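> Dropping in work22.cif, which is mmCIF, C-alpha atoms and all ligand atoms:
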data_input
#
loop_
_atom_site.label_atom_id
_atom_site.label_comp_id
_atom_site.auth_asym_id
_atom_site.auth_seq_id
_atom_site.Cartn_x
_atom_site.Cartn_y
_atom_site.Cartn_z
CA MET A 1 -24.20 7.09 -40.22
CA SER A 2 -23.01 3.97 -42.00
CA LYS A 3 -21.18 1.24 -40.14
CA VAL A 4 -17.53 0.44 -40.89
CA VAL A 5 -16.13 -3.09 -40.86
CA ARG A 6 -12.42 -3.83 -41.03
CA VAL A 7 -11.54 -7.09 -42.76
CA ALA A 8 -7.99 -8.44 -42.68
CA VAL A 9 -7.06 -10.90 -45.43
CA THR A 10 -3.72 -12.73 -45.42
CA GLY A 11 -2.10 -14.18 -48.51
CA ALA A 12 -3.96 -11.37 -50.19
CA ALA A 13 -2.08 -11.52 -53.50
CA GLY A 14 -2.71 -15.25 -53.83
CA ARG A 15 -5.23 -16.99 -56.05
CA VAL A 16 -7.97 -17.56 -53.47
CA SER A 17 -7.70 -14.05 -52.03
CA SER A 18 -7.82 -12.41 -55.44
CA SER A 19 -11.41 -13.62 -55.82
CA LEU A 20 -12.18 -13.05 -52.13
CA ILE A 21 -11.22 -9.40 -51.82
CA VAL A 22 -13.38 -8.24 -54.73
CA ARG A 23 -16.48 -9.81 -53.23
CA LEU A 24 -15.69 -8.46 -49.74
CA ALA A 25 -15.35 -4.97 -51.19
CA SER A 26 -18.51 -5.17 -53.32
CA GLY A 27 -21.06 -4.89 -50.51
CA GLU A 28 -22.31 -8.43 -51.08
CA VAL A 29 -21.32 -9.67 -47.62
CA PHE A 30 -21.92 -6.79 -45.23
CA GLY A 31 -24.68 -5.02 -47.16
CA PRO A 32 -24.96 -1.68 -48.97
CA GLU A 33 -25.00 0.40 -45.77
CA THR A 34 -21.69 -0.92 -44.42
CA LYS A 35 -18.34 0.49 -45.51
CA VAL A 36 -15.49 -1.99 -45.78
CA ILE A 37 -11.83 -1.33 -45.02
CA LEU A 38 -9.66 -4.11 -46.44
CA GLN A 39 -6.37 -4.70 -44.60
CA LEU A 40 -4.31 -6.92 -46.86
CA LEU A 41 -1.24 -8.85 -45.70
CA GLU A 42 1.47 -10.40 -47.83
CA VAL A 43 4.99 -11.69 -47.23
CA PRO A 44 7.83 -9.13 -47.20
CA ALA A 45 9.70 -8.38 -50.42
CA SER A 46 12.75 -10.17 -48.94
CA VAL A 47 10.72 -13.40 -49.05
CA ASN A 48 8.99 -12.82 -52.40
CA PRO A 49 9.62 -9.56 -54.27
CA ALA A 50 6.51 -10.04 -56.43
CA ALA A 51 3.96 -10.47 -53.63
CA LEU A 52 3.68 -6.88 -52.39
CA LYS A 53 3.92 -5.54 -55.94
CA ASN A 54 1.02 -7.77 -56.98
CA LEU A 55 -0.89 -6.61 -53.90
CA GLU A 56 -0.31 -3.01 -54.92
CA GLY A 57 -1.82 -3.86 -58.31
CA ALA A 58 -4.79 -5.50 -56.60
CA MET A 59 -5.31 -2.32 -54.54
CA TYR A 60 -5.41 -0.19 -57.73
CA GLU A 61 -7.91 -2.58 -59.30
CA LEU A 62 -10.10 -2.47 -56.20
CA GLN A 63 -10.05 1.33 -56.44
CA ASP A 64 -10.98 1.07 -60.13
CA CYS A 65 -14.05 -1.03 -59.30
CA GLY A 66 -15.55 2.11 -57.76
CA PHE A 67 -17.51 0.18 -55.15
CA SER A 68 -19.64 2.52 -53.04
CA THR A 69 -19.03 0.19 -50.08
CA LEU A 70 -15.22 0.23 -50.18
CA LYS A 71 -13.81 2.85 -47.80
CA ASP A 72 -10.10 2.06 -47.85
CA VAL A 73 -7.49 -0.54 -48.75
CA VAL A 74 -4.39 -1.01 -46.61
CA ILE A 75 -1.55 -3.14 -47.97
CA THR A 76 1.21 -4.31 -45.67
CA ASP A 77 3.73 -7.00 -44.79
CA ASP A 78 3.27 -6.35 -41.06
CA PRO A 79 0.68 -8.56 -39.28
CA ASN A 80 0.27 -5.89 -36.56
CA VAL A 81 -0.92 -3.44 -39.21
CA ALA A 82 -3.07 -5.97 -41.04
CA PHE A 83 -4.90 -7.09 -37.89
CA ASN A 84 -5.17 -3.62 -36.35
CA GLY A 85 -8.75 -3.17 -35.17
CA CYS A 86 -10.04 -5.85 -37.56
CA ASN A 87 -13.54 -7.24 -37.05
CA TYR A 88 -12.87 -10.23 -39.34
CA ALA A 89 -9.55 -11.91 -40.05
CA LEU A 90 -9.50 -14.28 -43.01
CA LEU A 91 -6.28 -16.27 -42.82
CA VAL A 92 -5.70 -17.51 -46.35
CA GLY A 93 -1.93 -17.11 -46.67
CA ALA A 94 0.13 -20.24 -46.18
CA ALA A 95 3.04 -21.93 -47.85
CA PRO A 96 2.10 -24.59 -50.40
CA ARG A 97 3.30 -28.18 -50.02
CA GLY A 98 6.70 -28.51 -51.74
CA PRO A 99 7.90 -31.41 -53.90
CA GLY A 100 8.39 -34.54 -51.79
CA GLU A 101 7.02 -32.90 -48.64
CA GLN A 102 4.71 -34.90 -46.39
CA ARG A 103 1.53 -33.46 -44.88
CA SER A 104 3.31 -33.46 -41.49
CA ASP A 105 6.16 -31.32 -42.98
CA LEU A 106 3.57 -28.84 -44.26
CA ILE A 107 1.84 -28.73 -40.89
CA ARG A 108 5.07 -27.79 -39.16
CA LYS A 109 6.13 -25.31 -41.86
CA ASN A 110 2.80 -23.48 -41.77
CA GLY A 111 2.43 -23.89 -38.02
CA ALA A 112 5.01 -21.18 -37.42
CA ILE A 113 2.96 -18.69 -39.48
CA PHE A 114 -0.12 -19.33 -37.35
CA VAL A 115 1.76 -18.96 -34.04
CA GLY A 116 2.72 -15.40 -35.01
CA GLN A 117 -0.63 -14.55 -36.57
CA GLY A 118 -2.57 -15.88 -33.56
CA GLN A 119 -0.49 -13.67 -31.28
CA ALA A 120 -0.85 -10.65 -33.58
CA ILE A 121 -4.64 -11.06 -33.75
CA ALA A 122 -4.92 -11.25 -29.95
CA LYS A 123 -2.77 -8.12 -29.66
CA ASN A 124 -4.38 -5.98 -32.36
CA ALA A 125 -7.85 -7.10 -33.42
CA ALA A 126 -11.17 -5.51 -32.43
CA SER A 127 -12.90 -6.97 -29.38
CA ASP A 128 -15.61 -8.54 -31.60
CA VAL A 129 -13.18 -10.21 -34.04
CA ARG A 130 -14.12 -13.43 -35.85
CA ILE A 131 -11.35 -15.43 -37.49
CA LEU A 132 -11.66 -17.86 -40.40
CA VAL A 133 -8.64 -20.01 -41.27
CA VAL A 134 -8.55 -21.11 -44.92
CA GLY A 135 -4.80 -21.82 -45.37
CA ASN A 136 -4.09 -25.53 -45.12
CA PRO A 137 -4.07 -27.65 -43.08
CA CYS A 138 -6.79 -25.29 -41.91
CA ASN A 139 -8.16 -27.15 -38.88
CA THR A 140 -4.76 -27.55 -37.28
CA ASN A 141 -3.58 -24.09 -38.35
CA CYS A 142 -6.67 -22.75 -36.57
CA LEU A 143 -5.84 -24.85 -33.50
CA ILE A 144 -2.35 -23.31 -33.47
CA ALA A 145 -3.62 -19.75 -34.00
CA TYR A 146 -6.23 -19.83 -31.24
CA SER A 147 -3.87 -21.59 -28.84
CA ASN A 148 -1.47 -18.65 -29.32
CA GLY A 149 -4.19 -16.03 -29.22
CA ARG A 150 -6.13 -17.05 -26.15
CA ASP A 151 -7.11 -13.48 -25.26
CA VAL A 152 -9.65 -13.92 -28.05
CA PRO A 153 -12.40 -16.33 -26.92
CA ALA A 154 -12.20 -19.84 -28.42
CA ASP A 155 -15.60 -19.63 -30.12
CA ARG A 156 -14.35 -16.84 -32.41
CA TRP A 157 -11.86 -19.10 -34.21
CA HIS A 158 -13.10 -21.08 -37.22
CA ALA A 159 -11.61 -23.18 -40.01
CA MET A 160 -13.24 -23.55 -43.40
CA THR A 161 -15.26 -26.63 -44.34
CA ARG A 162 -17.80 -24.57 -46.30
CA LEU A 163 -16.22 -25.34 -49.66
CA ASP A 164 -16.52 -29.06 -48.90
CA HIS A 165 -20.12 -28.46 -47.81
CA ASN A 166 -20.98 -26.67 -51.04
CA ARG A 167 -19.29 -29.42 -53.07
CA ALA A 168 -21.37 -32.07 -51.27
CA VAL A 169 -24.63 -30.15 -51.76
CA SER A 170 -23.91 -29.76 -55.46
CA ALA A 171 -22.97 -33.43 -55.95
CA LEU A 172 -26.21 -34.61 -54.30
CA ALA A 173 -28.26 -32.10 -56.32
CA ILE A 174 -26.72 -33.23 -59.61
CA LYS A 175 -27.33 -36.89 -58.77
CA ALA A 176 -30.96 -36.25 -57.74
CA GLY A 177 -31.62 -33.98 -60.73
CA VAL A 178 -32.64 -31.04 -58.54
CA THR A 179 -31.25 -27.57 -57.97
CA ASN A 180 -28.86 -26.90 -55.08
CA ASP A 181 -31.49 -25.15 -52.98
CA ALA A 182 -33.44 -28.43 -52.65
CA VAL A 183 -30.53 -30.02 -50.74
CA THR A 184 -30.40 -29.26 -47.02
CA CYS A 185 -28.95 -30.56 -43.77
CA VAL A 186 -25.61 -31.69 -45.24
CA THR A 187 -22.69 -31.93 -42.80
CA ILE A 188 -18.94 -32.10 -43.30
CA TRP A 189 -17.69 -33.80 -40.15
CA GLY A 190 -14.08 -33.46 -39.00
CA ASN A 191 -11.04 -32.39 -40.94
CA HIS A 192 -10.80 -30.39 -44.17
CA SER A 193 -8.82 -33.23 -45.72
CA ASN A 194 -9.56 -36.46 -47.53
CA THR A 195 -10.68 -38.04 -44.24
CA GLN A 196 -13.62 -35.62 -43.87
CA TYR A 197 -17.01 -37.31 -43.66
CA PRO A 198 -19.60 -35.73 -45.97
CA ASP A 199 -22.71 -37.00 -44.19
CA PHE A 200 -25.54 -37.96 -46.53
CA THR A 201 -27.46 -39.91 -43.87
CA ASN A 202 -28.87 -36.80 -42.20
CA ALA A 203 -29.15 -34.82 -45.45
CA LYS A 204 -32.46 -33.98 -47.10
CA ILE A 205 -33.49 -33.48 -50.70
CA GLY A 206 -36.74 -31.63 -51.25
CA GLY A 207 -37.43 -32.07 -47.53
CA ARG A 208 -37.17 -35.89 -47.70
CA PRO A 209 -34.25 -37.99 -46.42
CA ALA A 210 -31.57 -37.95 -49.13
CA THR A 211 -31.32 -41.75 -48.84
CA GLU A 212 -35.00 -42.06 -49.89
CA VAL A 213 -34.43 -39.86 -52.94
CA ILE A 214 -31.06 -41.38 -53.91
CA THR A 215 -31.70 -45.04 -53.14
CA ASP A 216 -28.37 -46.23 -54.58
CA ARG A 217 -26.53 -46.61 -51.26
CA ALA A 218 -23.46 -47.99 -53.06
CA TRP A 219 -23.20 -44.71 -55.01
CA LEU A 220 -23.52 -42.68 -51.83
CA GLU A 221 -20.84 -44.67 -49.98
CA ASN A 222 -18.44 -45.46 -52.80
CA THR A 223 -18.76 -42.50 -55.17
CA PHE A 224 -20.28 -39.52 -53.36
CA VAL A 225 -18.14 -39.79 -50.22
CA PRO A 226 -14.71 -40.33 -51.86
CA ASN A 227 -15.44 -37.85 -54.66
CA THR A 228 -16.29 -35.14 -52.12
CA GLN A 229 -13.23 -36.00 -50.03
CA GLU A 230 -10.97 -35.89 -53.13
CA ARG A 231 -12.66 -33.04 -54.99
CA GLY A 232 -9.73 -30.67 -54.38
CA LYS A 233 -7.33 -33.16 -55.96
CA PHE A 234 -9.75 -33.70 -58.85
CA ILE A 235 -9.73 -29.95 -59.57
CA ILE A 236 -5.91 -29.93 -59.49
CA ASP A 237 -5.75 -32.98 -61.78
CA THR A 238 -8.12 -31.24 -64.20
CA THR A 239 -6.73 -27.70 -64.22
CA LYS A 240 -3.20 -28.19 -62.76
CA VAL A 241 -4.00 -25.58 -60.11
CA SER A 242 -6.01 -25.75 -56.90
CA SER A 243 -9.51 -24.42 -56.37
CA SER A 244 -9.59 -20.63 -56.30
CA PHE A 245 -12.94 -18.88 -56.78
CA SER A 246 -14.90 -21.78 -55.29
CA ALA A 247 -12.66 -21.58 -52.20
CA ALA A 248 -13.17 -17.83 -52.01
CA ASN A 249 -16.90 -18.47 -52.37
CA GLY A 250 -16.77 -20.86 -49.40
CA ALA A 251 -15.14 -18.16 -47.27
CA ILE A 252 -17.70 -15.58 -48.44
CA ASP A 253 -20.55 -17.98 -47.59
CA HIS A 254 -19.04 -18.66 -44.13
CA VAL A 255 -18.85 -14.97 -43.26
CA LYS A 256 -22.21 -14.18 -44.88
CA SER A 257 -23.88 -16.84 -42.71
CA LEU A 258 -22.36 -15.26 -39.60
CA VAL A 259 -23.75 -11.89 -40.69
CA THR A 260 -27.20 -12.93 -41.96
CA GLY A 261 -27.87 -16.34 -40.34
CA THR A 262 -28.62 -19.85 -41.59
CA PRO A 263 -32.12 -20.59 -42.94
CA ALA A 264 -34.71 -22.16 -40.61
CA GLY A 265 -34.75 -25.95 -40.92
CA ASP A 266 -31.25 -26.11 -42.36
CA TRP A 267 -27.69 -25.90 -41.15
CA THR A 268 -24.25 -25.51 -42.68
CA SER A 269 -20.76 -26.82 -41.97
CA ALA A 270 -17.96 -25.07 -40.11
CA ALA A 271 -14.93 -26.28 -38.20
CA ILE A 272 -14.91 -24.75 -34.74
CA VAL A 273 -13.19 -25.25 -31.40
CA SER A 274 -14.92 -28.26 -29.86
CA LYS A 275 -16.51 -28.01 -26.44
CA GLY A 276 -16.76 -31.82 -26.43
CA GLU A 277 -19.81 -32.12 -28.70
CA TYR A 278 -20.25 -35.61 -30.20
CA GLY A 279 -17.43 -36.93 -28.00
CA VAL A 280 -14.69 -34.90 -29.71
CA PRO A 281 -12.01 -33.89 -27.17
CA ALA A 282 -12.56 -30.27 -26.12
CA GLY A 283 -10.18 -27.87 -27.81
CA LEU A 284 -9.81 -29.70 -31.12
CA VAL A 285 -10.89 -27.76 -34.23
CA PHE A 286 -13.50 -30.10 -35.68
CA GLY A 287 -16.01 -29.78 -38.52
CA TYR A 288 -19.60 -29.80 -37.25
CA PRO A 289 -23.13 -29.09 -38.45
CA CYS A 290 -23.71 -25.50 -37.36
CA THR A 291 -26.42 -22.89 -37.29
CA THR A 292 -26.20 -19.19 -36.58
CA SER A 293 -28.81 -16.51 -36.03
CA GLY A 294 -26.53 -14.01 -37.77
CA ASP A 295 -25.08 -12.77 -34.48
CA GLY A 296 -21.58 -13.93 -35.40
CA ASN A 297 -21.75 -17.11 -33.32
CA TRP A 298 -21.96 -20.73 -34.43
CA ASN A 299 -24.17 -23.22 -32.57
CA VAL A 300 -23.50 -26.93 -33.06
CA VAL A 301 -26.58 -28.93 -34.09
CA GLU A 302 -26.85 -31.56 -31.39
CA GLY A 303 -28.46 -34.99 -31.39
CA LEU A 304 -27.73 -36.17 -34.95
CA LYS A 305 -27.28 -39.93 -35.26
CA LEU A 306 -24.68 -41.64 -37.41
CA ASP A 307 -24.97 -45.22 -38.64
CA ALA A 308 -22.09 -47.72 -38.51
CA PHE A 309 -20.69 -46.44 -41.83
CA GLY A 310 -20.78 -42.85 -40.59
CA GLU A 311 -19.33 -43.71 -37.20
CA ALA A 312 -16.32 -45.39 -38.82
CA LYS A 313 -15.73 -42.34 -41.02
CA PHE A 314 -16.17 -39.99 -38.04
CA LYS A 315 -13.60 -41.95 -36.05
CA LYS A 316 -11.10 -41.86 -38.93
CA THR A 317 -11.22 -38.09 -39.35
CA LEU A 318 -11.11 -37.55 -35.57
CA ASP A 319 -8.05 -39.82 -35.32
CA GLU A 320 -6.33 -37.81 -38.06
CA LEU A 321 -6.94 -34.53 -36.23
CA LEU A 322 -5.61 -36.00 -32.99
CA LYS A 323 -2.44 -37.08 -34.86
CA GLU A 324 -2.06 -33.59 -36.37
CA GLN A 325 -2.42 -32.11 -32.88
CA GLU A 326 0.40 -34.38 -31.71
CA VAL A 327 2.66 -33.20 -34.58
CA VAL A 328 2.32 -29.54 -33.47
CA LYS A 329 2.01 -29.98 -29.71
CA ASP A 330 5.12 -27.87 -29.03
CA LEU A 331 3.38 -24.96 -30.84
CA LEU A 332 0.38 -25.10 -28.50
CA PRO A 333 0.95 -23.17 -25.27
CA SER A 334 -1.31 -24.60 -22.55
P1 LIG A 401 -1.41 -19.01 -53.38
O1 LIG A 401 -0.07 -19.67 -53.31
O2 LIG A 401 -1.93 -18.51 -54.69
O3 LIG A 401 -1.46 -17.79 -52.36
C1 LIG A 401 -0.98 -17.88 -51.07
C2 LIG A 401 -0.43 -16.52 -50.72
O4 LIG A 401 -0.11 -16.54 -49.33
C3 LIG A 401 0.83 -16.16 -51.47
O5 LIG A 401 0.64 -14.93 -52.15
C4 LIG A 401 1.90 -16.05 -50.38
O6 LIG A 401 2.86 -15.04 -50.65
C5 LIG A 401 1.03 -15.73 -49.18
N1 LIG A 401 1.64 -16.04 -47.88
C6 LIG A 401 2.42 -17.09 -47.54
N2 LIG A 401 2.82 -16.98 -46.26
C7 LIG A 401 2.25 -15.86 -45.78
C8 LIG A 401 2.30 -15.21 -44.53
N3 LIG A 401 3.02 -15.68 -43.51
N4 LIG A 401 1.60 -14.04 -44.39
C9 LIG A 401 0.91 -13.52 -45.41
N5 LIG A 401 0.83 -14.10 -46.63
C10 LIG A 401 1.50 -15.25 -46.80
O7 LIG A 401 -2.42 -20.06 -52.71
P2 LIG A 401 -4.00 -20.11 -52.85
O8 LIG A 401 -4.36 -20.97 -53.99
O9 LIG A 401 -4.53 -18.74 -52.76
O10 LIG A 401 -4.37 -20.94 -51.52
C11 LIG A 401 -4.22 -20.34 -50.26
C12 LIG A 401 -4.41 -21.37 -49.16
O11 LIG A 401 -5.75 -21.86 -49.18
C13 LIG A 401 -3.52 -22.61 -49.31
O12 LIG A 401 -3.01 -22.98 -48.04
C14 LIG A 401 -4.49 -23.68 -49.77
O13 LIG A 401 -4.06 -24.98 -49.42
C15 LIG A 401 -5.74 -23.26 -49.01
N6 LIG A 401 -7.01 -23.78 -49.50
C16 LIG A 401 -7.92 -24.11 -48.56
C17 LIG A 401 -9.18 -24.55 -48.89
C18 LIG A 401 -10.18 -24.90 -47.84
O14 LIG A 401 -11.27 -25.37 -48.22
N7 LIG A 401 -9.92 -24.74 -46.55
C19 LIG A 401 -9.55 -24.73 -50.31
C20 LIG A 401 -8.70 -23.95 -51.27
C21 LIG A 401 -7.29 -23.76 -50.93
O15 LIG A 401 -6.58 -24.79 -51.57
#
Take the structure from the file and write it as structure tokens.

Amino acid sequence: MSKVVRVAVTGAAGRVSSSLIVRLASGEVFGPETKVILQLLEVPASVNPAALKNLEGAMYELQDCGFSTLKDVVITDDPNVAFNGCNYALLVGAAPRGPGEQRSDLIRKNGAIFVGQGQAIAKNAASDVRILVVGNPCNTNCLIAYSNGRDVPADRWHAMTRLDHNRAVSALAIKAGVTNDAVTCVTIWGNHSNTQYPDFTNAKIGGRPATEVITDRAWLENTFVPNTQERGKFIIDTTKVSSSFSAANGAIDHVKSLVTGTPAGDWTSAAIVSKGEYGVPAGLVFGYPCTTSGDGNWNVVEGLKLDAFGEAKFKKTLDELLKEQEVVKDLLPS
């Protein structure tokens, strides 16, 4: 008998989710023997009349793909329905930053969404649920969700730094003139924001330290790091819209790693609830180097060293996350 996996996706009519749901349905992530039930959440028609209608269209298109792995599609504006029995919850839906709004305004505006969704996940999800927060600011939204959904163990809640990871791998590969698979052991430390630290000092290219292959340290510090930090803005400046299928790909890669594992001798990047690793205060959602055996759990790679440049960057992104935590502290039940 084939296995069934229920995957909830929020913001399901949005740009990122439109790419995400097709790949989730296709069998690519959970394999040909697993049937997928997609449980898609959007805002009520009273908030945006087009959202549920667009979701209905997406449901018809999913049906028309004829995937042998797609068992059912549920569309709803009720989080209790969307998260009912779900084994994965991909929280993509969030309000975009409005004109003149500061990052702190966005954090508070979106914070309310993640209070309710954290509670609804704890109330409705399957006992083995894994949650990935993509909607920005994703680290702090994840902090809010897990703080309001504490019946679900802290190690199940993740925020997405995999897109940043993939961007960093690709940038190093292009510079070194190799293919992406030659680049390993890259880490995105800290926040999914422009303070993140894409760590090249522990990275490898063709099995050798990346700094021995790319000897131009000035390029690494002054081009690679800021370009990776600002890549999202660069995409918006180029296309006038934010990353969509590359973001969906990051979410797919994150879940796929949890299902199939990370390769021996390599790791990936994920933001998870800190247990105090690398001196980060326990409870903060922080981007770490992570491995998984494919059992659904992330393990932080311990013992990596950072040089003075890296330590300064690490401190900056940690400080930013501590400030974000302060902005939402009334949304975090103790
Ligand atoms: P869109 O505006 O295209 O889609 C967002 C969707 O979320 C909309 O359809 C909206 O109706 C829905 N939504 C809003 N509030 C909701 C709620 N309470 N419940 C359910 N649905 C809700 O944005 P899109 O380009 O798809 O981006 C989605 C989110 O991903 C944004 O927050 C964006 O900032 C974030 N990103 C995060 C990335 C990451 O690496 N962590 C990268 C890409 C992306 O920018």
> Please determine the residues with any atom at most 12 Å from (-2.8, -5.7, -46.4) (coordinates as given in the file, with all atoms listed in the file counting) and report them as a PyMOL selection string.
chain A and resi 6-13+17+21+37-44+51-56+58-59+72-84+86+89-91+93
> If I put a ball of radius 8 Å at (-25.9, 2.0, -48.0) in the file's coordinates, which residues poke into it when counting all atoms listed in the file, written as a list in words?
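The residues that fall inside the cut-off are Ser2, Gly31, Pro32, Glu33, Thr34 and Thr69 of chain A.
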> Region 95-109 of chain A: which residues within 10 Å, counting only C-alpha atoms, same-chain residues fewer than 5 positions away excluded, as a tab-separated table (two decimals) with C-alpha atoms, in the frame of the given file?

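The result, written out as part_16.tsv:
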chain	number	residue	atom	x	y	z
A	11	GLY	CA	-2.10	-14.18	-48.51
A	114	PHE	CA	-0.12	-19.33	-37.35
A	135	GLY	CA	-4.80	-21.82	-45.37
A	136	ASN	CA	-4.09	-25.53	-45.12
A	137	PRO	CA	-4.07	-27.65	-43.08
A	138	CYS	CA	-6.79	-25.29	-41.91
A	140	THR	CA	-4.76	-27.55	-37.28
A	141	ASN	CA	-3.58	-24.09	-38.35
A	323	LYS	CA	-2.44	-37.08	-34.86
A	324	GLU	CA	-2.06	-33.59	-36.37
A	325	GLN	CA	-2.42	-32.11	-32.88
A	327	VAL	CA	2.66	-33.20	-34.58
A	328	VAL	CA	2.32	-29.54	-33.47
A	331	LEU	CA	3.38	-24.96	-30.84
> List the neighbours of region 303-313 of chain A out to 8 Å using only C-alpha atoms; skip same-chain residues closer than 6 positions along the sequence, and give me the result as number ranges by chain.
A: 195-197, 199, 201-202
> Just to be explicit: take each residue in the selection above, keep C-alpha atoms, and write the result as a PDB file, in the coordinates of the input.

ATOM      1  CA  THR A 195     -10.680 -38.040 -44.240  1.00  0.00           C
ATOM      2  CA  GLN A 196     -13.620 -35.620 -43.870  1.00  0.00           C
ATOM      3  CA  TYR A 197     -17.010 -37.310 -43.660  1.00  0.00           C
ATOM      4  CA  ASP A 199     -22.710 -37.000 -44.190  1.00  0.00           C
ATOM      5  CA  THR A 201     -27.460 -39.910 -43.870  1.00  0.00           C
ATOM      6  CA  ASN A 202     -28.870 -36.800 -42.200  1.00  0.00           C
TER       7      ASN A 202
END
> Could you tell me how far CA of Met160 (chain A) lies from CA of Ser18 (chain A), in Å and to one decimal?
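Going from CA of Met160 (chain A) over to CA of Ser18 (chain A) covers 17.3 Å.
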> Using CA of Asn249 (chain A) and CA of Gly66 (chain A) as the two end points, give the distance in Å to one decimal.
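These atoms are spaced 21.3 Å apart.
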> When distances are computed from all atoms listed in the file, which of A:Arg150, A:Lys71, A:Lys175, A:Arg162 shows the smallest separation from Ile214 (chain A)?
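The closest residue to Ile214 (chain A) is A:Lys175.
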> Counting all atoms listed in the file, which residue out of A:Asp181, A:Glu212, A:Glu326, A:Glu230 sits closest to Pro263 (chain A)?
A:Asp181
> To one decimal in Å, tell me the separation between CA of Cys65 (chain A) and CA of Val29 (chain A).
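If I compute the distance from CA of Cys65 (chain A) to CA of Val29 (chain A), I get 16.2 Å.
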> Measuring atom to atom with all atoms listed in the file, identify which of A:Ile121, A:Ile235, A:Val213, A:Leu322 is nearest to Ala247 (chain A).
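Of all the options, A:Ile235 lies closest to Ala247 (chain A).
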> Of the candidates A:Arg15, A:Lys329, A:Arg167, A:His254, which one gets nearest to Arg130 (chain A) if we count all atoms listed in the file?
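Looking at the shortest contact to Arg130 (chain A), the residue is A:His254.
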> Given all atoms listed in the file as the basis, pick out the residue of A:Ala271, A:Ala50, A:Glu320, A:Gly261 nearest to Thr291 (chain A).
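Closest residue, counting all atoms listed in the file: A:Gly261.
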> Determine the nearest neighbour of ligand LIG 401 (chain A) from the options A:Asp216, A:Asp64, A:Asp164, A:Asp128, counting only C-alpha atoms and all ligand atoms.
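Under the stated criterion, the closest residue is A:Asp164.
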> Could you pull the residues within 8 Å of Ser242 (chain A), counting all atoms listed in the file, minus those fewer than 5 positions along the same chain, as a list in words?
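Once the nearby chain positions are removed, what remains is Gly232, Lys233, Ile235 and Ile236 of chain A.
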> Write out, as a PDB file, keeping the file's coordinate frame, the residues just selected, with C-alpha atoms.

ATOM      1  CA  GLY A 232      -9.730 -30.670 -54.380  1.00  0.00           C
ATOM      2  CA  LYS A 233      -7.330 -33.160 -55.960  1.00  0.00           C
ATOM      3  CA  ILE A 235      -9.730 -29.950 -59.570  1.00  0.00           C
ATOM      4  CA  ILE A 236      -5.910 -29.930 -59.490  1.00  0.00           C
TER       5      ILE A 236
END
